[in-house]
Protein chains: 6
Amino acid sequence: MGIHAYFRSLNELERIFRCPGKFKFEVHTVAAHSWKVVQYAKTLADIEEKNGATIDWKKLYEITSSHDYGEIFIGDIKTPVKHSSMELRSLIQQVEEGMINNFIKEHIPEEFKSIFYNQLREGKDDSIEGLILEVADKMDQVYEAFSELQKGNTEKEFVVMYRNALVKIKNINLKCVDYFLEKILPDMVNEESISSIDIKRITEEALAL
Amino acid sequence: MGIHAYFRSLNELERIFRCPGKFKFEVHTVAAHSWKVVQYAKTLADIEEKNGATIDWKKLYEITSSHDYGEIFIGDIKTPVKHSSMELRSLIQQVEEGMINNFIKEHIPEEFKSIFYNQLREGKDDSIEGLILEVADKMDQVYEAFSELQKGNTEKEFVVMYRNALVKIKNINLKCVDYFLEKILPDMVNEESISSIDIKRITEEALAL
Amino acid sequence: MGIHAYFRSLNELERIFRCPGKFKFEVHTVAAHSWKVVQYAKTLADIEEKNGATIDWKKLYEITSSHDYGEIFIGDIKTPVKHSSMELRSLIQQVEEGMINNFIKEHIPEEFKSIFYNQLREGKDDSIEGLILEVADKMDQVYEAFSELQKGNTEKEFVVMYRNALVKIKNINLKCVDYFLEKILPDMVNEESISSIDIKRITEEALAL
Amino acid sequence: MGIHAYFRSLNELERIFRCPGKFKFEVHTVAAHSWKVVQYAKTLADIEEKNGATIDWKKLYEITSSHDYGEIFIGDIKTPVKHSSMELRSLIQQVEEGMINNFIKEHIPEEFKSIFYNQLREGKDDSIEGLILEVADKMDQVYEAFSELQKGNTEKEFVVMYRNALVKIKNINLKCVDYFLEKILPDMVNEESISSIDIKRITEEALAL
Amino acid sequence: MGIHAYFRSLNELERIFRCPGKFKFEVHTVAAHSWKVVQYAKTLADIEEKNGATIDWKKLYEITSSHDYGEIFIGDIKTPVKHSSMELRSLIQQVEEGMINNFIKEHIPEEFKSIFYNQLREGKDDSIEGLILEVADKMDQVYEAFSELQKGNTEKEFVVMYRNALVKIKNINLKCVDYFLEKILPDMVNEESISSIDIKRITEEALAL
Amino acid sequence: MGIHAYFRSLNELERIFRCPGKFKFEVHTVAAHSWKVVQYAKTLADIEEKNGATIDWKKLYEITSSHDYGEIFIGDIKTPVKHSSMELRSLIQQVEEGMINNFIKEHIPEEFKSIFYNQLREGKDDSIEGLILEVADKMDQVYEAFSELQKGNTEKEFVVMYRNALVKIKNINLKCVDYFLEKILPDMVNEESISSIDIKRITEEALAL
């Protein structure tokens, strides 16, 4: 098979659920998450452009939309596992890349191979597009976790996810990060919530780190 | 509220299901559909570029990822309703655009208004990017309908959806359409299927129209 | 096909969900909503009868049980769309009626056509049965919205739905409305709730309009 | 509490699923089933009226819409259990009626008690309305079971359900039964199906009993 | 058929949901409940052993894992129904045992019949294993009900279930019950909760009975 | 926290779904899978005992019921990932064991630590109990995959899962394996099926390897 094998495989990300094992009021698929990352990144890049940066839109398009495609092959490995040792983390990353490359080798016709190696490459590098992807990816964790806490979810994992994602974001040196922290995050935190968890305090502590 | 209102609203497309009312083995959200359209379009544009066309990647990124954003405001109006008269169709489109514009007017800060009018504009024009969006959107109907028929779904609506989408695609004059019809579609139609419906014959008839 | 086409189509209302796009703790199908409207209306009509009114039970039966049947054809068009202009609203209503009539023309045998035009007519007229249907339909919105708010749902749409439905009900001049407002609604509002939204105040404000 | 306790309880039938334990492609709630029974019965009664019978529409309305209300109290007891002995069956029926009566005694205001004893009475008597209810109730079993078999369900329970319901229907002496058997059932059986089970043969055998 | 009929039937308990009719944030199947009872019982028996008791592990294994197998045959009869009279309760129990025995008679090969009569016997006797099963079964009701109340569920049924299960547990004279009441229950009750219901007070009242 | 942290964590296996990413007609949780393994193993051990073997029932109880408990910590890592290299496989296993041990260290009171290290140990060793666990675990893959194929699922993954599990089982030298292959498997393969996949042939080929 050829490109059909790739198009057909996209459907699988509609059947992988984020944050398995934890109670959640609303379930998110990796496909929906990928779309939201695409959308956030578009606006974040607009903010950068407005501030004078030059965006490689083709690259941004490619790396945001495909950033979790590899989950089709490796499944959902919990973050603590990945981070348990540098050795394991790098082995898992090698396996993921190896499996994506095998898929391309086996299914993608010769004339498109280089295009697909490019499309499905790991995107989180130090370029402005790579950094925007990292911000957008973490921003969706902020939105997902906030939305659960707001509905009264008492799973500690969502507090941890919210805090860690905020810390990651604030350490990235981009104009769009400033905008997010100063203009977007306050609107979120001020929303009505029934949580007994003090989201404002958690937010302030995370930003003060 | 500002851009947060927009980012927050994206979540709504995870809760709107395609093809309401019909029995389906697998449910698709508008968010997941949007992501798949983004992915198809990327590859279709690569094929065009390979054939010498010039792609405005920023535009393609914008119009594919947001092409169904308006469903947040108007809900899922059935295709036959939209097509029942030119007058109704154009009225509904006016309402949809009016509601998107109202949202921007009310929520988006002055400095970003023009960016958002652009991001959320109707994208299906006669430019190469507009045509690629149309192909990618219909291609997802082909994949959705095929996948139901393949599993033995006997709802006639999926035969109609499959056929109509194919006819729409084949009438668009793009190199990526040729590639789809010659290389991708045959691989799909040759997949194992338990359907009593003769998908090959329907495909051939649609392509012969 | 004949009446089988109609009986078979009823199944579709089990697959259309109310209030698409909004987060909800509990999902309601149009079929279940229709049944609850049938049940409320029966008791409301009993209250009217007790107060001396004469009820056409056949008519009430027909119009309550079929009042959302048209959603099979037009899908779930959001209320703000319908209300965006008188012109659009009336066009959509025409399309819905046209589609129901087409269905009858195409599927229902000659001898039953008049029965079905009657069964599936728009029922919300100024007769006592039409008014009871309107009250029962809005009462289900009150119950649905209250049940979400009570569980801590912070979507503003449910506050709006609750308030608007109450206002609609209180402006209908029926004995059963008095009974609902004086005897039933207070029991509802006094139920245990974890909401941070002040449902009592919203109720009082709506009734004072 | 008063009538609010009754209106609120209706929601529970949206959370009781028919045919628990068996694999099914589509799940049906008791609320949706109740609504479909209401709809079938309306048309069946129209057929009877057309043939000269007199229908008590109020009674038909009451007994069809509430015929499974008692499941709120007793849950879903499997048919074979109910039928295991006349003694057990009659005990369970006594318990169900006792619980409905207790609910009325406890929650319904004095002035409405007689209305509710009437509304929630067992409806399957030998009157024409009682017989129509029995036909409509069994007709929904025919539709539910057929729809599963048609999709390729191999659970024997649905063959049994289909056959038993057909046998029950054909032994009821009503004009609408003749119409169902002669005009509606053949359309159903002729629908496209992927089943390896010979539904036509099963139908013929059941009707020949 | 032989033992395959039994192995295949296990799947049915994955499709029977506990506590039908009531709103719940999280649904539990009888299969998952059975597994948790197996797990609790294992630890409870370890506590007994540590305190000098002798456990028949084969028996404990058999009676915990199969304690709800009979629900495949009788469905989910609501507790109040079972308890409405001693006569009905004992009749239902006879029917359940009769159906299990019929299943064994019909499907299990001669050489295994005695093994299966043993495996599927009613396990809640006065032996230490029978008492541990009773504690573990009620402990899962405590966990299920607590988890709902903690998330803000206002259904009174969960308060009743929580209280009744606690009362049942505390009246069983086992070391593991002491451990549960003194060490495990306080940790549960001290968890973060958004409930407006005072779970601590309910707990203290139940233990004081 | 103490043992409550462990009891509470069991709930997580009700929220992890087997075989993520693939289309399936029926979803299985790890909790339900664990229960079925417990049930199969009990009968398999009975067969061994009948053939003269001695079973350590406490050990069998412990290792079957907890055999997938570690998925709470590591999530669902796809089989091909685990098998991509001996190095990765052993690293992942180390991480899983490390995380279980950390959990015990952190949450389980001193006096129970050794009990829990024992309860949650890896159980698939060469003892008769370890082998029975392996057979029961693979047997559930056979049942899961067969049930999908029987319903017409065309995902190749289920053919692979069915075949690989059968091959694993047949290479284990136990009396219960002989019984499974000679008496149980033929009954399964002879069930009615709508699959276009020749399950009998696949079965024969797997057994001939």
# chains A, B, ... in the order shown; residues from 1 in each chain; ligands from 1
call {"tool": "residues_around", "arguments": {"residues": "stretch 192-209 of chain B", "least_positions_apart": "2", "cutoff": "10 Å", "atoms": "only C-alpha atoms", "output": "MDAnalysis selection string"}}
result
(chainID B and resid 146:154 156 159:160 162:171 181 185:186 188:190) or (chainID D and resid 152 192:195) or (chainID F and resid 151:156 194:197)
call {"tool": "residues_around", "arguments": {"residues": "stretch 119-126 of chain C", "least_positions_apart": "5", "cutoff": "9 Å", "atoms": "only C-alpha atoms", "output": "PDB file with N, CA, C and O atoms, in the first residue's frame"}}
result
ATOM      1  N   LYS C  59     -55.659  14.987  20.018  1.00  0.00           N
ATOM      2  CA  LYS C  59     -54.797  16.043  19.502  1.00  0.00           C
ATOM      3  C   LYS C  59     -53.556  16.214  20.385  1.00  0.00           C
ATOM      4  O   LYS C  59     -52.427  16.317  19.894  1.00  0.00           O
ATOM      5  N   LEU C  60     -53.756  16.255  21.685  1.00  0.00           N
ATOM      6  CA  LEU C  60     -52.630  16.445  22.595  1.00  0.00           C
ATOM      7  C   LEU C  60     -51.607  15.316  22.435  1.00  0.00           C
ATOM      8  O   LEU C  60     -50.389  15.545  22.403  1.00  0.00           O
ATOM      9  N   GLU C  62     -51.125  13.488  19.761  1.00  0.00           N
ATOM     10  CA  GLU C  62     -50.432  13.623  18.479  1.00  0.00           C
ATOM     11  C   GLU C  62     -49.356  14.697  18.483  1.00  0.00           C
ATOM     12  O   GLU C  62     -48.222  14.469  18.053  1.00  0.00           O
ATOM     13  N   ILE C  63     -49.717  15.873  19.000  1.00  0.00           N
ATOM     14  CA  ILE C  63     -48.768  16.984  18.835  1.00  0.00           C
ATOM     15  C   ILE C  63     -47.601  16.903  19.822  1.00  0.00           C
ATOM     16  O   ILE C  63     -46.502  17.345  19.514  1.00  0.00           O
ATOM     17  N   THR C  64     -47.834  16.335  21.010  1.00  0.00           N
ATOM     18  CA  THR C  64     -46.707  16.243  21.936  1.00  0.00           C
ATOM     19  C   THR C  64     -45.700  15.191  21.477  1.00  0.00           C
ATOM     20  O   THR C  64     -44.495  15.447  21.448  1.00  0.00           O
ATOM     21  N   SER C  66     -45.011  13.949  18.587  1.00  0.00           N
ATOM     22  CA  SER C  66     -44.317  14.185  17.310  1.00  0.00           C
ATOM     23  C   SER C  66     -43.703  15.574  17.191  1.00  0.00           C
ATOM     24  O   SER C  66     -43.214  15.924  16.119  1.00  0.00           O
ATOM     25  N   HIS C  67     -43.660  16.349  18.279  1.00  0.00           N
ATOM     26  CA  HIS C  67     -43.328  17.776  18.098  1.00  0.00           C
ATOM     27  C   HIS C  67     -41.900  18.020  17.621  1.00  0.00           C
ATOM     28  O   HIS C  67     -41.620  19.084  17.084  1.00  0.00           O
ATOM     29  N   TYR C  69     -40.289  15.660  15.584  1.00  0.00           N
ATOM     30  CA  TYR C  69     -40.008  14.671  14.539  1.00  0.00           C
ATOM     31  C   TYR C  69     -39.234  15.283  13.370  1.00  0.00           C
ATOM     32  O   TYR C  69     -38.362  14.643  12.773  1.00  0.00           O
ATOM     33  N   GLY C  70     -39.530  16.547  13.063  1.00  0.00           N
ATOM     34  CA  GLY C  70     -38.871  17.224  11.941  1.00  0.00           C
ATOM     35  C   GLY C  70     -37.359  17.323  12.077  1.00  0.00           C
ATOM     36  O   GLY C  70     -36.662  17.542  11.085  1.00  0.00           O
ATOM     37  N   GLU C  97     -41.203  21.906   7.115  1.00  0.00           N
ATOM     38  CA  GLU C  97     -42.528  21.408   6.729  1.00  0.00           C
ATOM     39  C   GLU C  97     -42.505  20.768   5.343  1.00  0.00           C
ATOM     40  O   GLU C  97     -43.121  19.723   5.117  1.00  0.00           O
ATOM     41  N   ILE C 100     -40.997  17.251   5.681  1.00  0.00           N
ATOM     42  CA  ILE C 100     -41.967  16.313   6.269  1.00  0.00           C
ATOM     43  C   ILE C 100     -43.013  15.936   5.219  1.00  0.00           C
ATOM     44  O   ILE C 100     -43.335  14.757   5.037  1.00  0.00           O
ATOM     45  N   ASN C 101     -43.518  16.945   4.503  1.00  0.00           N
ATOM     46  CA  ASN C 101     -44.536  16.660   3.484  1.00  0.00           C
ATOM     47  C   ASN C 101     -43.979  15.774   2.370  1.00  0.00           C
ATOM     48  O   ASN C 101     -44.661  14.858   1.897  1.00  0.00           O
ATOM     49  N   SER C 114     -53.620  11.516   4.750  1.00  0.00           N
ATOM     50  CA  SER C 114     -54.234  12.603   5.530  1.00  0.00           C
ATOM     51  C   SER C 114     -53.978  12.396   7.023  1.00  0.00           C
ATOM     52  O   SER C 114     -53.763  13.358   7.759  1.00  0.00           O
ATOM     53  N   LEU C 131     -50.883  25.170  23.657  1.00  0.00           N
ATOM     54  CA  LEU C 131     -50.226  25.887  24.758  1.00  0.00           C
ATOM     55  C   LEU C 131     -49.615  24.907  25.763  1.00  0.00           C
ATOM     56  O   LEU C 131     -48.527  25.138  26.288  1.00  0.00           O
ATOM     57  N   ILE C 132     -50.330  23.821  26.033  1.00  0.00           N
ATOM     58  CA  ILE C 132     -49.778  22.812  26.956  1.00  0.00           C
ATOM     59  C   ILE C 132     -48.480  22.231  26.375  1.00  0.00           C
ATOM     60  O   ILE C 132     -47.500  22.038  27.098  1.00  0.00           O
ATOM     61  N   LEU C 133     -48.475  21.976  25.064  1.00  0.00           N
ATOM     62  CA  LEU C 133     -47.248  21.493  24.436  1.00  0.00           C
ATOM     63  C   LEU C 133     -46.105  22.487  24.647  1.00  0.00           C
ATOM     64  O   LEU C 133     -44.988  22.112  25.020  1.00  0.00           O
ATOM     65  N   GLU C 134     -46.392  23.761  24.434  1.00  0.00           N
ATOM     66  CA  GLU C 134     -45.352  24.780  24.626  1.00  0.00           C
ATOM     67  C   GLU C 134     -44.832  24.766  26.072  1.00  0.00           C
ATOM     68  O   GLU C 134     -43.615  24.813  26.306  1.00  0.00           O
TER      69      GLU C 134
ATOM     70  N   LYS D  42     -50.038   5.178  18.334  1.00  0.00           N
ATOM     71  CA  LYS D  42     -50.829   6.244  17.721  1.00  0.00           C
ATOM     72  C   LYS D  42     -51.250   5.831  16.312  1.00  0.00           C
ATOM     73  O   LYS D  42     -52.422   5.960  15.936  1.00  0.00           O
ATOM     74  N   THR D  43     -50.313   5.315  15.544  1.00  0.00           N
ATOM     75  CA  THR D  43     -50.620   4.906  14.176  1.00  0.00           C
ATOM     76  C   THR D  43     -51.480   3.640  14.164  1.00  0.00           C
ATOM     77  O   THR D  43     -52.415   3.527  13.365  1.00  0.00           O
TER      78      THR D  43
END
call {"tool": "closest_atom_pairs", "arguments": {"of": "chain A", "to": "chain F", "cutoff": "6 Å", "atoms": "only C-alpha atoms", "output": "CSV"}}
result
residue,atom,partner,partner_atom,distance
A:Glu12,CA,F:Gly21,CA,4.5
A:Arg15,CA,F:Gly21,CA,4.7
A:Ile16,CA,F:Gly21,CA,5.1
A:Pro20,CA,F:Ile16,CA,5.6
A:Gly21,CA,F:Glu12,CA,4.6
A:Ile74,CA,F:Lys78,CA,5.5
A:Gly75,CA,F:Ile77,CA,5.4
A:Asp76,CA,F:Asp76,CA,5.9
A:Ile77,CA,F:Gly75,CA,5.4
A:Lys78,CA,F:Gly75,CA,5.5
A:Val81,CA,F:Ile74,CA,5.9
call {"tool": "atom_distance", "arguments": {"atom1": "atom CA of A:Tyr61", "atom2": "atom CA of B:Gln93"}}
result
27.7 Å
call {"tool": "atom_distance", "arguments": {"atom1": "atom CA of D:Glu106", "atom2": "atom CA of C:Met139"}}
result
23.3 Å
call {"tool": "atom_distance", "arguments": {"atom1": "atom CA of A:Ile3", "atom2": "atom CA of F:Glu157"}}
result
19.5 Å
call {"tool": "closest_residue", "arguments": {"among": "B:Arg18, B:Glu182, B:Ile128, B:Gly2", "to": "B:Glu110", "atoms": "only C-alpha atoms"}}
result
B:Gly2
call {"tool": "select_by_dssp", "arguments": {"residues": "chain D", "states": "strand (DSSP E or B)", "output": "list in words"}}
result
Phe17, Thr29, Gly75, Asp76 and Ile77 of chain D
call {"tool": "select_by_dssp", "arguments": {"residues": "stretch 11-157 of chain A", "states": "helix (DSSP H, G or I)", "output": "PyMOL selection string"}}
result
chain A and resi 11-14+30-50+57-65+71-74+79-82+86-107+110-119+128-150+156-157
call {"tool": "residues_around", "arguments": {"residues": "F:Ala41", "least_positions_apart": "3", "cutoff": "7 Å", "atoms": "only C-alpha atoms", "output": "PyMOL selection string"}}
result
chain F and resi 37-38+44-45+132-133+136
call {"tool": "closest_residue", "arguments": {"among": "B:Lys113, B:Lys183, B:His107, B:Lys138", "to": "B:Ser34", "atoms": "only C-alpha atoms"}}
result
B:Lys138
